[in-house]
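Right, one structure below, let's go through it.
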Amino acid sequence: MSENDKPQRVAIVTGASSGIGEATARCLAKAGFRVAVAARRADLLDALVSGIHAEGGEALSVPTDLSDAEQTSALLSETLDHFGRVDVLVNNAGYGPPYALEQMDRDALRHVFDVNLLSGMQLIAELTPTMRKQGGGRIVNISSLSRYVGAPLAASYAATKGGMEAMNACLRLELAPWNIKLSVIVPGFVDTPTFETARAAAAHLRDDPENPYRQLMSHLDNFATEQLKSAVPPEEVGKAVVKAATAESPKTRYFVPRSARTAARMFGALPDGVADRLLLKMYKWGPWA
């Protein structure tokens, strides 16, 4: 079969209504992929699809609440009905409630895991037979630097990203016989609406004088504001996803930007006590409050 005769590749991108997911969908479309985009906000997805169509690409909007198992399955079935195949799955959907662990109940924790981790696992499981029949595929999981560098008020989010990377390592072996290759993208600070969204979600706690983490929230707001001054655009993450989706031998892990790799290695090499002291000083928490 010549290159011209090969079917055009299809990618699914979750969490595509803004930020990294939106940029990734655009980058994949520019690289020649037909793209199915999923998120809860149908209006934002429709705008993204219109933009891709205007640039000569092909895209499908599939509004999806990934905390719901039936809707998650429907995302895959609608994509296959429309495009006939799926070659790349990008598990990008995720959010990080900026709360202390004691401020989250079991239902809130379960929702974070449903969206950030379990939906991706479900999509991989249900997509594996299709990729096996097609002769292979690519799965790209979006992790976070918080998996490597601890941060207060990020326990639930970091736990899902740690689980995602552990899952990725196992599935690279489990799915290897069928040419299904997996990669992880590890973004550092990226210029997206995520931080403003998180700040708004915790406004009631930030204004509560009885909240024991009120001072920490203020410090973390200032820290994030400073970091965002040098944050990379989400398109940089999208470009890394395209590399993972198209390289003959994709890397296991892509850090964006490169300084994220340096930070992960540095804190990974430090004794735990030293790393904790450095981070507490950086976040102005504990003895350095």
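Starting from 1 in every chain, residues are counted up; chains themselves are A, B, ... following the order of the structure tokens, and ligands are numbered from 1 as listed.
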
When DSSP is applied to the backbone of this structure, which of segment 74-263 of chain A are assigned alpha helix (DSSP H)? Write them out as JSON, numbers by chain. {"A": [74, 75, 76, 77, 78, 79, 80, 81, 82, 83, 106, 107, 108, 109, 110, 111, 112, 113, 119, 120, 121, 122, 123, 124, 125, 126, 127, 128, 129, 130, 131, 132, 133, 134, 155, 156, 157, 158, 159, 160, 161, 162, 163, 164, 165, 166, 167, 168, 169, 170, 171, 172, 173, 174, 194, 195, 196, 197, 198, 199, 200, 201, 203, 204, 205, 206, 214, 215, 216, 217, 218, 219, 220, 221, 222, 223, 224, 225, 226, 227, 228, 234, 235, 236, 237, 238, 239, 240, 241, 242, 243, 244, 245, 246, 258, 259, 260, 261, 262, 263]}

Per residue of segment 105-159 of chain A within 10 Å of segment 237-249 of chain A, note the shortest atom pair and the distance in Å to one decimal, counting only C-alpha atoms, and order the rows by chain and increasing residue number, as a Markdown table.
```
| residue | atom | partner | partner_atom | distance |
| --- | --- | --- | --- | --- |
| A:Gly137 | CA | A:Ala245 | CA | 8.6 |
| A:Arg138 | CA | A:Ala245 | CA | 5.9 |
| A:Ile139 | CA | A:Ala245 | CA | 7.7 |
| A:Val140 | CA | A:Val241 | CA | 6.9 |
| A:Asn141 | CA | A:Val241 | CA | 9.0 |
| A:Ile142 | CA | A:Val241 | CA | 8.8 |
```

Within 12 Å of Glu55 of chain A using only C-alpha atoms, minus same-chain residues under 2 positions, as a ChimeraX atom specification: /A:26-27,29-32,48-53,57-59

Just-selected residues, all heavy atoms written as an mmCIF file, in the first residue's frame:
```cif
data_model
loop_
_atom_site.group_PDB
_atom_site.id
_atom_site.type_symbol
_atom_site.label_atom_id
_atom_site.label_comp_id
_atom_site.auth_asym_id
_atom_site.auth_seq_id
_atom_site.Cartn_x
_atom_site.Cartn_y
_atom_site.Cartn_z
ATOM 1 N N ARG A 26 -5.346 21.099 17.777
ATOM 2 C CA ARG A 26 -4.944 21.927 16.634
ATOM 3 C C ARG A 26 -3.629 21.431 16.029
ATOM 4 O O ARG A 26 -3.480 21.375 14.796
ATOM 5 C CB ARG A 26 -4.813 23.388 17.057
ATOM 6 C CG ARG A 26 -6.140 24.052 17.443
ATOM 7 C CD ARG A 26 -5.956 25.525 17.742
ATOM 8 N NE ARG A 26 -7.177 26.151 18.214
ATOM 9 C CZ ARG A 26 -8.133 26.612 17.415
ATOM 10 N NH1 ARG A 26 -7.985 26.513 16.098
ATOM 11 N NH2 ARG A 26 -9.212 27.177 17.912
ATOM 12 N N CYS A 27 -2.676 21.081 16.870
ATOM 13 C CA CYS A 27 -1.382 20.597 16.378
ATOM 14 C C CYS A 27 -1.533 19.276 15.625
ATOM 15 O O CYS A 27 -0.910 19.074 14.572
ATOM 16 C CB CYS A 27 -0.402 20.430 17.542
ATOM 17 S SG CYS A 27 0.223 21.988 18.235
ATOM 18 N N ALA A 29 -4.252 18.237 14.100
ATOM 19 C CA ALA A 29 -4.951 18.519 12.848
ATOM 20 C C ALA A 29 -3.986 19.077 11.811
ATOM 21 O O ALA A 29 -4.035 18.698 10.631
ATOM 22 C CB ALA A 29 -6.101 19.490 13.100
ATOM 23 N N LYS A 30 -3.087 19.975 12.247
ATOM 24 C CA LYS A 30 -2.100 20.536 11.320
ATOM 25 C C LYS A 30 -1.139 19.462 10.822
ATOM 26 O O LYS A 30 -0.593 19.570 9.718
ATOM 27 C CB LYS A 30 -1.338 21.663 12.003
ATOM 28 C CG LYS A 30 -2.157 22.921 12.219
ATOM 29 C CD LYS A 30 -1.350 23.993 12.928
ATOM 30 C CE LYS A 30 -2.195 25.249 13.156
ATOM 31 N NZ LYS A 30 -1.440 26.297 13.884
ATOM 32 N N ALA A 31 -0.935 18.427 11.635
ATOM 33 C CA ALA A 31 -0.047 17.326 11.247
ATOM 34 C C ALA A 31 -0.744 16.301 10.362
ATOM 35 O O ALA A 31 -0.143 15.293 9.984
ATOM 36 C CB ALA A 31 0.514 16.641 12.496
ATOM 37 N N GLY A 32 -2.018 16.536 10.034
ATOM 38 C CA GLY A 32 -2.726 15.657 9.110
ATOM 39 C C GLY A 32 -3.686 14.672 9.738
ATOM 40 O O GLY A 32 -4.268 13.844 9.035
ATOM 41 N N LEU A 48 -13.739 25.121 18.515
ATOM 42 C CA LEU A 48 -12.476 24.480 18.140
ATOM 43 C C LEU A 48 -12.616 23.742 16.812
ATOM 44 O O LEU A 48 -11.755 23.868 15.923
ATOM 45 C CB LEU A 48 -12.051 23.505 19.247
ATOM 46 C CG LEU A 48 -10.860 22.593 18.938
ATOM 47 C CD1 LEU A 48 -9.606 23.399 18.611
ATOM 48 C CD2 LEU A 48 -10.605 21.652 20.125
ATOM 49 N N VAL A 49 -13.691 22.990 16.659
ATOM 50 C CA VAL A 49 -13.923 22.248 15.414
ATOM 51 C C VAL A 49 -14.048 23.211 14.232
ATOM 52 O O VAL A 49 -13.497 22.969 13.152
ATOM 53 C CB VAL A 49 -15.184 21.366 15.552
ATOM 54 C CG1 VAL A 49 -15.616 20.831 14.195
ATOM 55 C CG2 VAL A 49 -14.911 20.207 16.511
ATOM 56 N N SER A 50 -14.757 24.301 14.435
ATOM 57 C CA SER A 50 -14.906 25.294 13.360
ATOM 58 C C SER A 50 -13.545 25.855 12.957
ATOM 59 O O SER A 50 -13.271 26.051 11.762
ATOM 60 C CB SER A 50 -15.826 26.430 13.810
ATOM 61 O OG SER A 50 -17.139 25.958 14.027
ATOM 62 N N GLY A 51 -12.693 26.119 13.939
ATOM 63 C CA GLY A 51 -11.361 26.628 13.643
ATOM 64 C C GLY A 51 -10.515 25.633 12.875
ATOM 65 O O GLY A 51 -9.785 26.006 11.943
ATOM 66 N N ILE A 52 -10.610 24.364 13.234
ATOM 67 C CA ILE A 52 -9.858 23.326 12.522
ATOM 68 C C ILE A 52 -10.364 23.188 11.094
ATOM 69 O O ILE A 52 -9.580 23.077 10.145
ATOM 70 C CB ILE A 52 -9.952 21.988 13.288
ATOM 71 C CG1 ILE A 52 -9.158 22.081 14.598
ATOM 72 C CG2 ILE A 52 -9.430 20.832 12.425
ATOM 73 C CD1 ILE A 52 -9.301 20.872 15.491
ATOM 74 N N HIS A 53 -11.680 23.219 10.924
ATOM 75 C CA HIS A 53 -12.256 23.140 9.579
ATOM 76 C C HIS A 53 -11.819 24.325 8.724
ATOM 77 O O HIS A 53 -11.522 24.179 7.532
ATOM 78 C CB HIS A 53 -13.781 23.097 9.665
ATOM 79 C CG HIS A 53 -14.306 21.788 10.170
ATOM 80 N ND1 HIS A 53 -15.623 21.601 10.524
ATOM 81 C CD2 HIS A 53 -13.696 20.592 10.365
ATOM 82 C CE1 HIS A 53 -15.795 20.352 10.924
ATOM 83 N NE2 HIS A 53 -14.640 19.725 10.847
ATOM 84 N N GLY A 57 -8.668 21.292 8.087
ATOM 85 C CA GLY A 57 -8.626 20.017 8.794
ATOM 86 C C GLY A 57 -10.001 19.411 8.955
ATOM 87 O O GLY A 57 -11.013 19.966 8.513
ATOM 88 N N GLU A 58 -10.047 18.260 9.601
ATOM 89 C CA GLU A 58 -11.310 17.562 9.838
ATOM 90 C C GLU A 58 -11.407 17.210 11.304
ATOM 91 O O GLU A 58 -10.461 16.653 11.886
ATOM 92 C CB GLU A 58 -11.390 16.296 8.979
ATOM 93 C CG GLU A 58 -12.753 15.619 9.020
ATOM 94 C CD GLU A 58 -12.852 14.432 8.083
ATOM 95 O OE1 GLU A 58 -11.915 14.234 7.274
ATOM 96 O OE2 GLU A 58 -13.854 13.696 8.164
ATOM 97 N N ALA A 59 -12.507 17.554 11.922
ATOM 98 C CA ALA A 59 -12.657 17.329 13.358
ATOM 99 C C ALA A 59 -14.104 17.016 13.702
ATOM 100 O O ALA A 59 -15.024 17.378 12.976
ATOM 101 C CB ALA A 59 -12.181 18.550 14.139
#
```

Excluding segment 111-114 of chain A and its own-chain neighbours fewer than 6 positions away, which residues fall within 7 Å of it when counting only C-alpha atoms? Please give them as a PyMOL selection string. chain A and resi 67+156+160

Rounded to one decimal, what separation in Å do you get between atom CA of Ala39 of chain A and atom CA of Thr79 of chain A?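 Interatomic distance, atom CA of Ala39 of chain A to atom CA of Thr79 of chain A: 13.7 Å.
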
Who sits within 8 Å of Arg9 of chain A, only C-alpha atoms, same chain under 3 positions skipped, as a short mmCIF file (atom, residue, chain, number, x, y, z; two decimals) with N, CA, C and O atoms, in the first residue's frame:
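Output (out-v8.cif):
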```cif
data_model
loop_
_atom_site.label_atom_id
_atom_site.label_comp_id
_atom_site.auth_asym_id
_atom_site.auth_seq_id
_atom_site.Cartn_x
_atom_site.Cartn_y
_atom_site.Cartn_z
N GLY A 32 -2.02 16.54 10.03
CA GLY A 32 -2.73 15.66 9.11
C GLY A 32 -3.69 14.67 9.74
O GLY A 32 -4.27 13.84 9.03
N PHE A 33 -3.87 14.75 11.05
CA PHE A 33 -4.81 13.84 11.72
C PHE A 33 -6.24 14.37 11.61
O PHE A 33 -6.48 15.58 11.65
N ARG A 34 -7.18 13.46 11.49
CA ARG A 34 -8.57 13.77 11.75
C ARG A 34 -8.74 13.64 13.26
O ARG A 34 -8.24 12.68 13.86
N ARG A 85 -11.98 4.46 12.51
CA ARG A 85 -10.75 3.96 13.12
C ARG A 85 -10.29 4.98 14.17
O ARG A 85 -10.73 6.13 14.19
N VAL A 86 -9.37 4.53 15.03
CA VAL A 86 -8.69 5.42 15.97
C VAL A 86 -7.24 4.96 16.04
O VAL A 86 -6.96 3.81 16.36
N ASP A 87 -6.33 5.86 15.73
CA ASP A 87 -4.90 5.53 15.73
C ASP A 87 -4.16 6.08 16.94
O ASP A 87 -3.14 5.53 17.34
N VAL A 88 -4.68 7.17 17.50
CA VAL A 88 -4.01 7.82 18.62
C VAL A 88 -5.05 8.24 19.66
O VAL A 88 -6.09 8.80 19.31
#
```

What does the structure give for the distance between atom CA of Pro212 of chain A and atom CA of Arg199 of chain A, in Å to one decimal?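 A separation of 16.8 Å between them.
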
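Here the strand (DSSP E) residues in segment 87-132 of chain A, by DSSP on the backbone, are Val88, Leu89, Val90 and Asn91 of chain A.
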
Give me, please, the distance in Å between atom CA of Lys161 of chain A and atom CA of Asn222 of chain A, quoted to one decimal.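 Rounded to one decimal, the two atoms are 23.9 Å apart.
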
Non-local contacts of segment 146-154 of chain A (8 Å; only C-alpha atoms; under 2 positions in same chain excluded) as a list in words: Gly96, Pro97, Pro98, Tyr99, Ala100, Leu101, Ser143, Ser144, Ser156, Tyr157, Ala158, Ala159, Lys161, Gly162, Ala263, Ala264, Phe267, Gly268 and Leu279 of chain A
